[in-house]
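Dumped coords_11.pdb below, it's PDB, C-alpha atoms:
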```
ATOM      1  CA  MET A  22       2.326  12.567   9.739  1.00  0.00           C
ATOM      2  CA  SER A  23      -0.776  10.451   9.190  1.00  0.00           C
ATOM      3  CA  ASN A  24      -2.872  12.543  11.644  1.00  0.00           C
ATOM      4  CA  ILE A  25      -5.317   9.673  12.027  1.00  0.00           C
ATOM      5  CA  SER A  26      -8.481  10.672  13.894  1.00  0.00           C
ATOM      6  CA  LEU A  27      -9.322   9.357  17.346  1.00  0.00           C
ATOM      7  CA  SER A  28     -12.812   8.484  16.088  1.00  0.00           C
ATOM      8  CA  LYS A  29     -11.326   6.125  13.478  1.00  0.00           C
ATOM      9  CA  LEU A  30      -9.197   4.421  16.120  1.00  0.00           C
ATOM     10  CA  LEU A  31     -12.217   4.160  18.434  1.00  0.00           C
ATOM     11  CA  GLU A  32     -14.421   2.751  15.667  1.00  0.00           C
ATOM     12  CA  ALA A  33     -11.807   0.081  14.871  1.00  0.00           C
ATOM     13  CA  GLY A  34     -11.591  -0.957  18.533  1.00  0.00           C
ATOM     14  CA  VAL A  35      -7.898  -0.097  18.787  1.00  0.00           C
ATOM     15  CA  HIS A  36      -8.398   0.856  22.457  1.00  0.00           C
ATOM     16  CA  PHE A  37      -9.434  -2.598  23.696  1.00  0.00           C
ATOM     17  CA  GLY A  38      -6.662  -4.368  25.596  1.00  0.00           C
ATOM     18  CA  HIS A  39      -6.610  -7.778  27.256  1.00  0.00           C
ATOM     19  CA  LYS A  40      -8.135  -8.893  30.535  1.00  0.00           C
ATOM     20  CA  SER A  41      -6.419  -6.996  33.329  1.00  0.00           C
ATOM     21  CA  TYR A  42      -4.822 -10.137  34.827  1.00  0.00           C
ATOM     22  CA  ARG A  43      -2.940 -10.722  31.520  1.00  0.00           C
ATOM     23  CA  TRP A  44      -1.212  -7.354  31.472  1.00  0.00           C
ATOM     24  CA  ASN A  45       2.465  -6.514  31.442  1.00  0.00           C
ATOM     25  CA  PRO A  46       3.097  -3.778  34.059  1.00  0.00           C
ATOM     26  CA  LYS A  47       5.505  -2.077  31.620  1.00  0.00           C
ATOM     27  CA  MET A  48       2.424  -1.139  29.548  1.00  0.00           C
ATOM     28  CA  PHE A  49       1.038   0.917  32.445  1.00  0.00           C
ATOM     29  CA  PRO A  50       1.942   4.317  30.872  1.00  0.00           C
ATOM     30  CA  TYR A  51      -0.191   3.481  27.818  1.00  0.00           C
ATOM     31  CA  ILE A  52      -3.290   2.298  29.715  1.00  0.00           C
ATOM     32  CA  PHE A  53      -6.140   4.778  30.142  1.00  0.00           C
ATOM     33  CA  SER A  54      -8.464   2.796  32.429  1.00  0.00           C
ATOM     34  CA  GLU A  55      -9.952  -0.570  33.319  1.00  0.00           C
ATOM     35  CA  VAL A  56     -13.556  -1.503  32.496  1.00  0.00           C
ATOM     36  CA  ASN A  57     -15.096  -4.859  33.511  1.00  0.00           C
ATOM     37  CA  ASN A  58     -11.614  -6.298  34.132  1.00  0.00           C
ATOM     38  CA  VAL A  59     -10.468  -5.273  30.638  1.00  0.00           C
ATOM     39  CA  HIS A  60      -7.719  -2.692  30.150  1.00  0.00           C
ATOM     40  CA  ILE A  61      -8.503   0.264  27.894  1.00  0.00           C
ATOM     41  CA  LEU A  62      -5.573   1.791  26.012  1.00  0.00           C
ATOM     42  CA  ASP A  63      -5.020   5.536  25.756  1.00  0.00           C
ATOM     43  CA  LEU A  64      -6.049   6.469  22.194  1.00  0.00           C
ATOM     44  CA  VAL A  65      -4.312   9.862  22.336  1.00  0.00           C
ATOM     45  CA  GLN A  66      -0.987   8.117  22.934  1.00  0.00           C
ATOM     46  CA  CYS A  67      -1.841   5.540  20.287  1.00  0.00           C
ATOM     47  CA  ALA A  68      -2.485   8.297  17.723  1.00  0.00           C
ATOM     48  CA  ASN A  69       0.707  10.154  18.678  1.00  0.00           C
ATOM     49  CA  LEU A  70       2.887   7.048  18.484  1.00  0.00           C
ATOM     50  CA  LEU A  71       1.220   5.927  15.253  1.00  0.00           C
ATOM     51  CA  ASN A  72       2.112   9.332  13.803  1.00  0.00           C
ATOM     52  CA  ARG A  73       5.678   8.868  15.026  1.00  0.00           C
ATOM     53  CA  ALA A  74       5.810   5.438  13.372  1.00  0.00           C
ATOM     54  CA  THR A  75       4.468   6.777  10.060  1.00  0.00           C
ATOM     55  CA  ASP A  76       7.010   9.628  10.104  1.00  0.00           C
ATOM     56  CA  TYR A  77       9.807   7.124  10.708  1.00  0.00           C
ATOM     57  CA  LEU A  78       8.641   4.731   7.951  1.00  0.00           C
ATOM     58  CA  ASN A  79       8.086   7.609   5.541  1.00  0.00           C
ATOM     59  CA  GLN A  80      11.660   8.827   6.052  1.00  0.00           C
ATOM     60  CA  ALA A  81      13.072   5.293   5.829  1.00  0.00           C
ATOM     61  CA  SER A  82      11.146   4.797   2.594  1.00  0.00           C
ATOM     62  CA  LYS A  83      12.581   8.011   1.140  1.00  0.00           C
ATOM     63  CA  GLU A  84      16.020   6.549   1.894  1.00  0.00           C
ATOM     64  CA  ASN A  85      15.106   3.412  -0.108  1.00  0.00           C
ATOM     65  CA  LYS A  86      15.210   1.175   2.940  1.00  0.00           C
ATOM     66  CA  THR A  87      13.573  -2.253   2.813  1.00  0.00           C
ATOM     67  CA  PHE A  88      10.724  -3.442   5.050  1.00  0.00           C
ATOM     68  CA  LEU A  89       9.754  -6.852   6.369  1.00  0.00           C
ATOM     69  CA  PHE A  90       6.148  -7.314   7.567  1.00  0.00           C
ATOM     70  CA  ILE A  91       5.776 -10.112  10.140  1.00  0.00           C
ATOM     71  CA  GLY A  92       2.462 -11.479  11.403  1.00  0.00           C
ATOM     72  CA  THR A  93       1.539 -15.167  11.452  1.00  0.00           C
ATOM     73  CA  LYS A  94      -1.675 -15.143  13.505  1.00  0.00           C
ATOM     74  CA  ARG A  95      -4.874 -15.986  11.637  1.00  0.00           C
ATOM     75  CA  GLN A  96      -6.363 -12.474  11.987  1.00  0.00           C
ATOM     76  CA  ALA A  97      -3.261 -10.836  10.509  1.00  0.00           C
ATOM     77  CA  SER A  98      -1.993 -13.335   7.924  1.00  0.00           C
ATOM     78  CA  THR A  99      -3.957 -12.124   4.872  1.00  0.00           C
ATOM     79  CA  LEU A 100      -3.576  -8.442   5.805  1.00  0.00           C
ATOM     80  CA  ILE A 101       0.190  -8.793   6.230  1.00  0.00           C
ATOM     81  CA  ALA A 102       0.587 -10.236   2.720  1.00  0.00           C
ATOM     82  CA  LYS A 103      -1.758  -7.677   1.166  1.00  0.00           C
ATOM     83  CA  GLU A 104      -0.142  -4.594   2.728  1.00  0.00           C
ATOM     84  CA  ALA A 105       3.418  -5.831   2.156  1.00  0.00           C
ATOM     85  CA  GLU A 106       2.660  -6.446  -1.526  1.00  0.00           C
ATOM     86  CA  ARG A 107       0.932  -3.064  -1.807  1.00  0.00           C
ATOM     87  CA  SER A 108       4.093  -1.322  -0.592  1.00  0.00           C
ATOM     88  CA  ASP A 109       6.472  -3.580  -2.539  1.00  0.00           C
ATOM     89  CA  SER A 110       7.852  -4.965   0.738  1.00  0.00           C
ATOM     90  CA  TYR A 111       8.593  -8.461   2.046  1.00  0.00           C
ATOM     91  CA  TYR A 112       6.547 -10.520   4.474  1.00  0.00           C
ATOM     92  CA  VAL A 113       6.302 -13.653   6.624  1.00  0.00           C
ATOM     93  CA  ASN A 114       2.684 -14.545   7.325  1.00  0.00           C
ATOM     94  CA  HIS A 115       2.447 -18.266   8.108  1.00  0.00           C
ATOM     95  CA  ARG A 116       5.208 -19.395  10.417  1.00  0.00           C
ATOM     96  CA  TRP A 117       8.437 -17.842  11.573  1.00  0.00           C
ATOM     97  CA  LEU A 118      11.180 -20.396  11.014  1.00  0.00           C
ATOM     98  CA  GLY A 119      13.896 -20.051  13.661  1.00  0.00           C
ATOM     99  CA  GLY A 120      17.000 -18.450  12.155  1.00  0.00           C
ATOM    100  CA  MET A 121      15.118 -16.805   9.308  1.00  0.00           C
ATOM    101  CA  LEU A 122      17.293 -13.716   9.798  1.00  0.00           C
ATOM    102  CA  THR A 123      20.136 -14.849  12.044  1.00  0.00           C
ATOM    103  CA  ASN A 124      20.844 -17.812   9.765  1.00  0.00           C
ATOM    104  CA  TRP A 125      20.144 -15.937   6.541  1.00  0.00           C
ATOM    105  CA  SER A 126      22.706 -17.825   4.420  1.00  0.00           C
ATOM    106  CA  THR A 127      20.858 -21.123   5.008  1.00  0.00           C
ATOM    107  CA  VAL A 128      17.470 -19.504   4.342  1.00  0.00           C
ATOM    108  CA  LYS A 129      18.841 -18.125   1.054  1.00  0.00           C
ATOM    109  CA  GLU A 130      19.682 -21.693   0.033  1.00  0.00           C
ATOM    110  CA  ARG A 131      16.071 -22.729   0.692  1.00  0.00           C
ATOM    111  CA  ILE A 132      14.867 -19.744  -1.364  1.00  0.00           C
ATOM    112  CA  GLU A 133      17.092 -20.868  -4.255  1.00  0.00           C
ATOM    113  CA  ARG A 134      15.581 -24.339  -3.946  1.00  0.00           C
ATOM    114  CA  LEU A 135      12.099 -22.772  -4.103  1.00  0.00           C
ATOM    115  CA  LYS A 136      13.003 -20.856  -7.263  1.00  0.00           C
ATOM    116  CA  ASP A 137      14.497 -23.987  -8.823  1.00  0.00           C
ATOM    117  CA  LEU A 138      11.332 -26.011  -8.140  1.00  0.00           C
ATOM    118  CA  GLU A 139       9.201 -23.216  -9.586  1.00  0.00           C
ATOM    119  CA  LYS A 140      11.285 -23.295 -12.775  1.00  0.00           C
ATOM    120  CA  GLN A 141      10.827 -27.075 -12.925  1.00  0.00           C
ATOM    121  CA  GLU A 142       7.072 -26.621 -12.533  1.00  0.00           C
ATOM    122  CA  ILE A 143       6.896 -24.033 -15.339  1.00  0.00           C
ATOM    123  CA  SER A 144       9.057 -26.225 -17.612  1.00  0.00           C
ATOM    124  CA  ASN A 145       6.790 -29.251 -16.938  1.00  0.00           C
ATOM    125  CA  VAL A 146       9.749 -31.206 -15.530  1.00  0.00           C
ATOM    126  CA  PHE A 147       7.432 -32.818 -12.962  1.00  0.00           C
ATOM    127  CA  ASP A 148       5.526 -34.548 -15.791  1.00  0.00           C
ATOM    128  CA  LEU A 149       8.684 -36.393 -16.825  1.00  0.00           C
ATOM    129  CA  LEU A 150       9.252 -37.858 -13.358  1.00  0.00           C
ATOM    130  CA  THR A 151       7.774 -40.918 -11.709  1.00  0.00           C
ATOM    131  CA  LYS A 152       4.492 -40.274  -9.911  1.00  0.00           C
ATOM    132  CA  LYS A 153       6.154 -40.646  -6.513  1.00  0.00           C
ATOM    133  CA  GLU A 154       9.050 -38.262  -7.299  1.00  0.00           C
ATOM    134  CA  ALA A 155       6.689 -35.700  -8.872  1.00  0.00           C
ATOM    135  CA  ALA A 156       4.417 -35.857  -5.799  1.00  0.00           C
ATOM    136  CA  LEU A 157       7.390 -35.350  -3.476  1.00  0.00           C
ATOM    137  CA  ARG A 158       8.600 -32.292  -5.394  1.00  0.00           C
ATOM    138  CA  ARG A 159       5.114 -30.757  -5.536  1.00  0.00           C
ATOM    139  CA  LYS A 160       4.772 -31.269  -1.780  1.00  0.00           C
ATOM    140  CA  GLU A 161       8.169 -29.646  -1.187  1.00  0.00           C
ATOM    141  CA  LEU A 162       7.275 -26.751  -3.494  1.00  0.00           C
ATOM    142  CA  LYS A 163       3.976 -26.156  -1.681  1.00  0.00           C
ATOM    143  CA  LYS A 164       5.712 -26.107   1.721  1.00  0.00           C
ATOM    144  CA  LEU A 165       8.509 -23.761   0.588  1.00  0.00           C
ATOM    145  CA  ARG A 166       5.985 -21.398  -1.030  1.00  0.00           C
ATOM    146  CA  LYS A 167       3.925 -21.277   2.141  1.00  0.00           C
ATOM    147  CA  TYR A 168       6.838 -20.195   4.322  1.00  0.00           C
ATOM    148  CA  LEU A 169       9.186 -18.358   1.943  1.00  0.00           C
ATOM    149  CA  ASP A 170       7.068 -16.827  -0.835  1.00  0.00           C
ATOM    150  CA  GLY A 171       6.949 -13.435   0.899  1.00  0.00           C
ATOM    151  CA  ILE A 172      10.751 -13.182   1.140  1.00  0.00           C
ATOM    152  CA  LYS A 173      11.571 -14.888  -2.167  1.00  0.00           C
ATOM    153  CA  GLU A 174      12.956 -11.683  -3.704  1.00  0.00           C
ATOM    154  CA  MET A 175      14.655 -10.443  -0.520  1.00  0.00           C
ATOM    155  CA  GLU A 176      18.358 -10.427  -1.382  1.00  0.00           C
ATOM    156  CA  ARG A 177      19.651  -9.186   1.979  1.00  0.00           C
ATOM    157  CA  LEU A 178      18.476  -8.605   5.531  1.00  0.00           C
ATOM    158  CA  PRO A 179      15.687  -5.995   5.836  1.00  0.00           C
ATOM    159  CA  ASP A 180      16.326  -2.499   7.188  1.00  0.00           C
ATOM    160  CA  VAL A 181      13.105  -2.308   9.241  1.00  0.00           C
ATOM    161  CA  ALA A 182      10.695  -4.908  10.683  1.00  0.00           C
ATOM    162  CA  ILE A 183       6.964  -4.240  11.149  1.00  0.00           C
ATOM    163  CA  ILE A 184       5.487  -6.765  13.570  1.00  0.00           C
ATOM    164  CA  ILE A 185       1.954  -7.755  14.629  1.00  0.00           C
ATOM    165  CA  ASP A 186       1.638  -9.575  17.978  1.00  0.00           C
ATOM    166  CA  GLN A 187       4.883  -9.297  19.897  1.00  0.00           C
ATOM    167  CA  LYS A 188       4.123 -12.305  22.113  1.00  0.00           C
ATOM    168  CA  ARG A 189       3.532 -14.651  19.178  1.00  0.00           C
ATOM    169  CA  GLU A 190       6.481 -13.351  17.142  1.00  0.00           C
ATOM    170  CA  ILE A 191       8.976 -13.255  20.017  1.00  0.00           C
ATOM    171  CA  THR A 192      11.521 -15.355  18.065  1.00  0.00           C
ATOM    172  CA  ALA A 193      11.428 -12.835  15.217  1.00  0.00           C
ATOM    173  CA  ILE A 194      11.754  -9.984  17.744  1.00  0.00           C
ATOM    174  CA  ARG A 195      14.843 -11.596  19.288  1.00  0.00           C
ATOM    175  CA  GLU A 196      16.457 -12.096  15.886  1.00  0.00           C
ATOM    176  CA  CYS A 197      15.796  -8.478  14.883  1.00  0.00           C
ATOM    177  CA  ARG A 198      17.243  -7.215  18.161  1.00  0.00           C
ATOM    178  CA  LYS A 199      20.325  -9.411  17.795  1.00  0.00           C
ATOM    179  CA  LEU A 200      20.911  -8.014  14.293  1.00  0.00           C
ATOM    180  CA  ARG A 201      19.950  -4.457  15.359  1.00  0.00           C
ATOM    181  CA  ILE A 202      17.093  -4.245  12.886  1.00  0.00           C
ATOM    182  CA  PRO A 203      14.664  -1.503  14.077  1.00  0.00           C
ATOM    183  CA  ILE A 204      11.227  -2.809  15.077  1.00  0.00           C
ATOM    184  CA  VAL A 205       7.883  -1.037  14.645  1.00  0.00           C
ATOM    185  CA  SER A 206       5.198  -3.032  16.448  1.00  0.00           C
ATOM    186  CA  ILE A 207       1.599  -2.865  17.663  1.00  0.00           C
ATOM    187  CA  LEU A 208       1.688  -3.467  21.427  1.00  0.00           C
ATOM    188  CA  ASP A 209      -1.291  -4.874  23.268  1.00  0.00           C
ATOM    189  CA  THR A 210      -1.501  -4.649  27.054  1.00  0.00           C
ATOM    190  CA  ASN A 211       0.358  -7.968  27.517  1.00  0.00           C
ATOM    191  CA  CYS A 212       3.476  -6.811  25.616  1.00  0.00           C
ATOM    192  CA  ASP A 213       6.889  -5.459  26.626  1.00  0.00           C
ATOM    193  CA  PRO A 214       7.550  -1.990  25.130  1.00  0.00           C
ATOM    194  CA  ASP A 215      11.277  -2.316  25.949  1.00  0.00           C
ATOM    195  CA  LEU A 216      11.687  -4.920  23.197  1.00  0.00           C
ATOM    196  CA  VAL A 217      10.727  -2.626  20.303  1.00  0.00           C
ATOM    197  CA  ASP A 218      12.051   0.637  18.913  1.00  0.00           C
ATOM    198  CA  ILE A 219       8.760   2.285  17.967  1.00  0.00           C
ATOM    199  CA  PRO A 220       5.725   1.024  19.918  1.00  0.00           C
ATOM    200  CA  ILE A 221       2.143   1.568  18.786  1.00  0.00           C
ATOM    201  CA  PRO A 222      -0.212   0.800  21.704  1.00  0.00           C
ATOM    202  CA  GLY A 223      -3.224  -0.973  20.236  1.00  0.00           C
ATOM    203  CA  ASN A 224      -5.436  -4.023  19.968  1.00  0.00           C
ATOM    204  CA  ASP A 225      -3.471  -6.719  18.137  1.00  0.00           C
ATOM    205  CA  ASP A 226      -6.328  -9.251  18.065  1.00  0.00           C
ATOM    206  CA  ALA A 227      -9.196  -7.483  16.257  1.00  0.00           C
ATOM    207  CA  VAL A 228      -9.028  -7.584  12.449  1.00  0.00           C
ATOM    208  CA  ARG A 229     -10.329  -4.007  12.116  1.00  0.00           C
ATOM    209  CA  SER A 230      -7.675  -2.670  14.482  1.00  0.00           C
ATOM    210  CA  ILE A 231      -4.841  -4.532  12.734  1.00  0.00           C
ATOM    211  CA  LYS A 232      -6.153  -3.466   9.326  1.00  0.00           C
ATOM    212  CA  LEU A 233      -6.395   0.234  10.198  1.00  0.00           C
ATOM    213  CA  ILE A 234      -2.906   0.417  11.699  1.00  0.00           C
ATOM    214  CA  LEU A 235      -1.276  -1.682   8.964  1.00  0.00           C
ATOM    215  CA  GLN A 236      -2.903   0.348   6.187  1.00  0.00           C
ATOM    216  CA  THR A 237      -1.758   3.583   7.821  1.00  0.00           C
ATOM    217  CA  LEU A 238       1.823   2.317   8.095  1.00  0.00           C
ATOM    218  CA  THR A 239       1.779   1.029   4.513  1.00  0.00           C
ATOM    219  CA  ASP A 240       0.434   4.342   3.192  1.00  0.00           C
ATOM    220  CA  SER A 241       3.398   6.133   4.774  1.00  0.00           C
ATOM    221  CA  ILE A 242       5.867   3.772   3.057  1.00  0.00           C
ATOM    222  CA  ILE A 243       4.183   4.280  -0.322  1.00  0.00           C
ATOM    223  CA  LYS A 244       4.113   8.039   0.191  1.00  0.00           C
ATOM    224  CA  GLY A 245       7.841   8.052   0.998  1.00  0.00           C
ATOM    225  CA  ARG A 246       8.653   6.151  -2.183  1.00  0.00           C
ATOM    226  CA  SER A 247       6.645   8.507  -4.366  1.00  0.00           C
TER
END
```

Show me, as structure tokens, the structure contained in the file I just sent.
Amino acid sequence: MSNISLSKLLEAGVHFGHKSYRWNPKMFPYIFSEVNNVHILDLVQCANLLNRATDYLNQASKENKTFLFIGTKRQASTLIAKEAERSDSYYVNHRWLGGMLTNWSTVKERIERLKDLEKQEISNVFDLLTKKEAALRRKELKKLRKYLDGIKEMERLPDVAIIIDQKREITAIRECRKLRIPIVSILDTNCDPDLVDIPIPGNDDAVRSIKLILQTLTDSIIKGRS
């Protein structure tokens, strides 16, 4: 268990939810109070469920399971890449392309194309082409890197998905559920806890909140591997 302190969660602003009119009633059990029309999440439950999530990820890591970090919002993008790389996991941090998991065979073809273009770049093949053709390939390479770089070495579907912002990543959530891939996700007050396997009630907008929770989850994966 991570046994993260309530003071750390408080300091990071994990308890701040959305405006009360934006809530999902299913989040009622995790809400502590309402202040100035803003819902306040119950930090005791957040700490308990975060501990549950770290226990689960730690055990999954011991079993050599693979993890996919998903978070494309601006506040989470850099953190997602950093923590995924730190735990030797995979990530999607710019845009979720529909069918990324459910149409994995096609995505694998695009990954092979990315790898091929990277080899061409290293071998200076672009310099031998016409300016127009070279420009087109560089543009294609840049686009593929942006969307697929984090899953470039992922040879099969992940065993566990770790998701920031359920509302934004609803397509990814649906694909994971269809494929029965367990989901660990931060849930703000506008989310649906029924859509994930291990919920972590918390602020999914503030950088400090996302960073604290992500780092805690990543630490548990690294600990399991060691």

>> Can you measure CA of Ala74 in chain A to CA of Leu235 in chain A for me? One decimal in Å is fine.
In response: 11.0 Å

>> To test your reading of the syntax: which residues would the PyMOL selection byres ((chain A and resi 40-56) around 10) return for the file shown? Reply as a list in words.
In response: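 Evaluating the PyMOL selection byres ((chain A and resi 40-56) around 10) on these coordinates yields His36, Phe37, Gly38, His39, Asn57, Asn58, Val59, His60, Ile61, Leu62, Asp63, Leu64, Val65, Gln66, Cys67, Leu208, Asp209, Thr210, Asn211, Cys212, Asp213, Pro214, Asp215, Ile221, Pro222 and Gly223 of chain A.
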
>> When the PyMOL selection byres ((chain A and resi 238) around 9) is applied to the structure above, which residues does it catch, written out as a PyMOL selection string?
In response: chain A and resi 23+71+74-75+78-79+104+183+233-237+239-243

>> Once the PyMOL selection byres ((chain A and resi 121) around 12) is applied to the coordinates I shared, what remains selected? I want it as a ChimeraX atom specification.
In response: /A:89,91,112-113,116-120,122-132,168-169,172,175,177-179,192-197,200

> Using all atoms listed in the file, which of A:Ile207, A:Lys83, A:Lys163, A:Ala227 sits nearest Glu139 in chain A?
Replying inline: A:Lys163

> Between CA of Leu216 in chain A and CA of Glu106 in chain A, what is the spacing in Å?
Replying inline: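 Going from CA of Glu106 in chain A over to CA of Leu216 in chain A covers 26.4 Å.
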
>> If I take CA of Ser28 in chain A and CA of Pro220 in chain A, how far is one from the other in Å, to one decimal?
In response: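 Between CA of Ser28 in chain A and CA of Pro220 in chain A the gap works out to 20.3 Å.
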
>> Which residues are close to Glu84 in chain A, i.e. within 12 Å by all atoms listed in the file, leaving aside same-chain residues fewer than 6 positions away? Reply as a VMD selection string.
In response: chain A and resid 77 to 78 180 to 181 242 245 to 247

Within 9 Å of Arg189 in chain A, counting only C-alpha atoms, which residues show up once you throw out same-chain ones fewer than 5 positions away? Write them as a CSV table (one decimal) with C-alpha atoms, in the frame of the given file, please.
```csv
chain,number,residue,atom,x,y,z
A,92,GLY,CA,2.5,-11.5,11.4
A,93,THR,CA,1.5,-15.2,11.5
A,94,LYS,CA,-1.7,-15.1,13.5
```

>> Please determine, counting all atoms listed in the file, which residue among A:Arg229, A:Lys167, A:Lys173, A:Lys103 has the shortest atom-to-atom distance to Arg134 in chain A.
In response: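 Between A:Arg229, A:Lys167, A:Lys173, A:Lys103, the residue approaching Arg134 in chain A most closely is A:Lys173.
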